[in-house]
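Okay, structure first, notes after.
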Amino acid sequence: MPWSQPATVLRLTLLLMSSEFVRTGLLVSYLPLVAPQLGLTPAAVGLIFGLHYLADALAKGPVGVLSERYGLGRVLLLGALLGLGTLLLVHQRPGVPLLALVSVAWGLCYAALWPGVMAAAQHFARPGMTTRALAAASVSVAPAIALGLLGVGQLMQRQSALAFPLLLGAQLLALLLAFSLLRLQLLQTPRTQMISADTGTPRPSFRARWGRVGVLLPAALAQTAAPGLLATIFYPLLARLGLHLSQLIVPVLLGVLVGLAALWGFGRLADSRHPRAALTPGLLLLALTFFLAGLPGLPERLTLITVLGGVAYGAFIAGWNGLVGHTLPPEYRAAAWGTVMAVEALGYAVGPLLGGIMWAAYGQAGVFWCGAGILLLVEGYYLWPGRVVMHRARVGE
């Protein structure tokens, strides 16, 4: 394993997986279907959903600072307790204001989870394996989100009575895992402590400490907006192409397998050389994938596009996580990860809006070629202005 303390990182990862399963299953699959029985309108469900995710996105940076000051384990435990409280409150038929307030509080504490997992994966990474440690942590949660989205949805249609006990059991597991991590605190690196305490050297300025983080923000916004273009037009696109969801299973599974292999291979490359060695081909291959998907005759090239997309995303995830880990100040990992992830969340919010506009105006080609253009702009940013600003930030230290 790529971590020096795998038991700690695995517990954190399992906590993230169980929490994401519950959150996705509750807010996306379960609550919308039981809303009429609870006296909730679709608008109320949308409000609860939106406020929770907005609180999570906006609080990632500030909550990262709190978790570093008071201990990551304490904040994670509070988030797990609020998640359990939200789950139990749903069936008490509360008013919308109370349910919205609790969901916001849950989102605020939940904001520590993703940055905390990534900061811990980097903190405990074995020497020379940082990129692979971060990449493994970031992709491990995908099956849990998919189960919350699709699995709970299917269960609600077939055996709806089992859905709530399943979510409750998963949240209790998350609570137990959070209790086991109560004393977890990611301490400053020895080098940071030596500089600030032993040598008496003045602490770096705000600009020096956070200049590198600022370099990542424009690209973080753009490169999450590109895949977000497809969020609202996915099913209309399938209908226009005459494809059924079942026809995607084999090509997508093949793409996932290829992507996992590419993730590990490009992760080794990024660790041995530099994250840009994986990020550059990843972005260029993603742009090529989007370009090919925008051409006529997409169904005939479906397998080629999913395989190419798998390789591209494997390289991109390895390169991006490696670059973020390589760039962030080690003494503020959780806060810095939270800041970057908050901007990524804004990209996912902008992407669907832009995708809907391009779909209405230009159809399939407009959506995919817009994504290709965004990815090429991101690569151009890394090649020149981002590198210049990074150099200035290092000089400022």
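The chains in the structure tokens are called A, B, ... from first to last as shown; in each chain the residues are counted from 1, and the ligands are counted from 1 in the order shown.
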Query - Leu76 of chain A surroundings by only C-alpha atoms, 10 Å radius, close-in-sequence under 2 positions cut, as a list in words - result: Leu12, Leu15, Leu16, Ser67, Gly71, Leu72, Gly73, Arg74, Leu78, Gly79, Ala80, Leu81, Leu82, Cys109, Tyr110, Ala111, Ala112, Leu113, Gly116, Ala174, Leu175, Leu177, Ala178, Phe179, Leu181, Leu182 and Leu184 of chain A
Query raised in the report: What lies within 6 Å of segment 336-339 of chain A using only C-alpha atoms, ignoring chain neighbours under 5 positions off, as an MDAnalysis selection string?
Result: chainID A and resid 60:61 64 115
Write out the residues from the selection above, keeping C-alpha atoms, as a tab-separated table (two decimals), in the first residue's frame.
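Result saved to out.tsv:
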```
chain	number	residue	atom	x	y	z
A	60	LYS	CA	-14.29	23.36	2.81
A	61	GLY	CA	-11.51	25.92	3.26
A	64	GLY	CA	-10.10	22.77	6.98
A	115	PRO	CA	-10.07	17.56	2.39
```
Query raised in the report: What lies within 8 Å of Leu323 of chain A using only C-alpha atoms, ignoring chain neighbours under 3 positions off, as a PyMOL selection string?
Result: chain A and resi 275-276+319-320+326-327
Query raised in the report: With only C-alpha atoms as the basis for distance, which of A:Leu87, A:Leu108, A:Ala120, A:Gly267 is at the shortest distance from Arg11 of chain A?
Result: A:Ala120
Query - Filtered DSSP result for segment 143-387 of chain A, state alpha helix (DSSP H), as a PyMOL selection string - result: chain A and resi 143-146+152-158+163-180+190-193+206-228+234-241+249-272+276-293+302-327+333-383+385-387
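Atom to atom, atom CA of Arg240 of chain A and atom CA of Ala146 of chain A stand 24.5 Å apart.
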Query raised in the report: Any idea what's packed within 7 Å of Gly107 of chain A, counting only C-alpha atoms, ignoring anything in its chain fewer than 5 positions away? Could you give it as a VMD selection string?
Result: chain A and resid 52 to 53 55 to 56
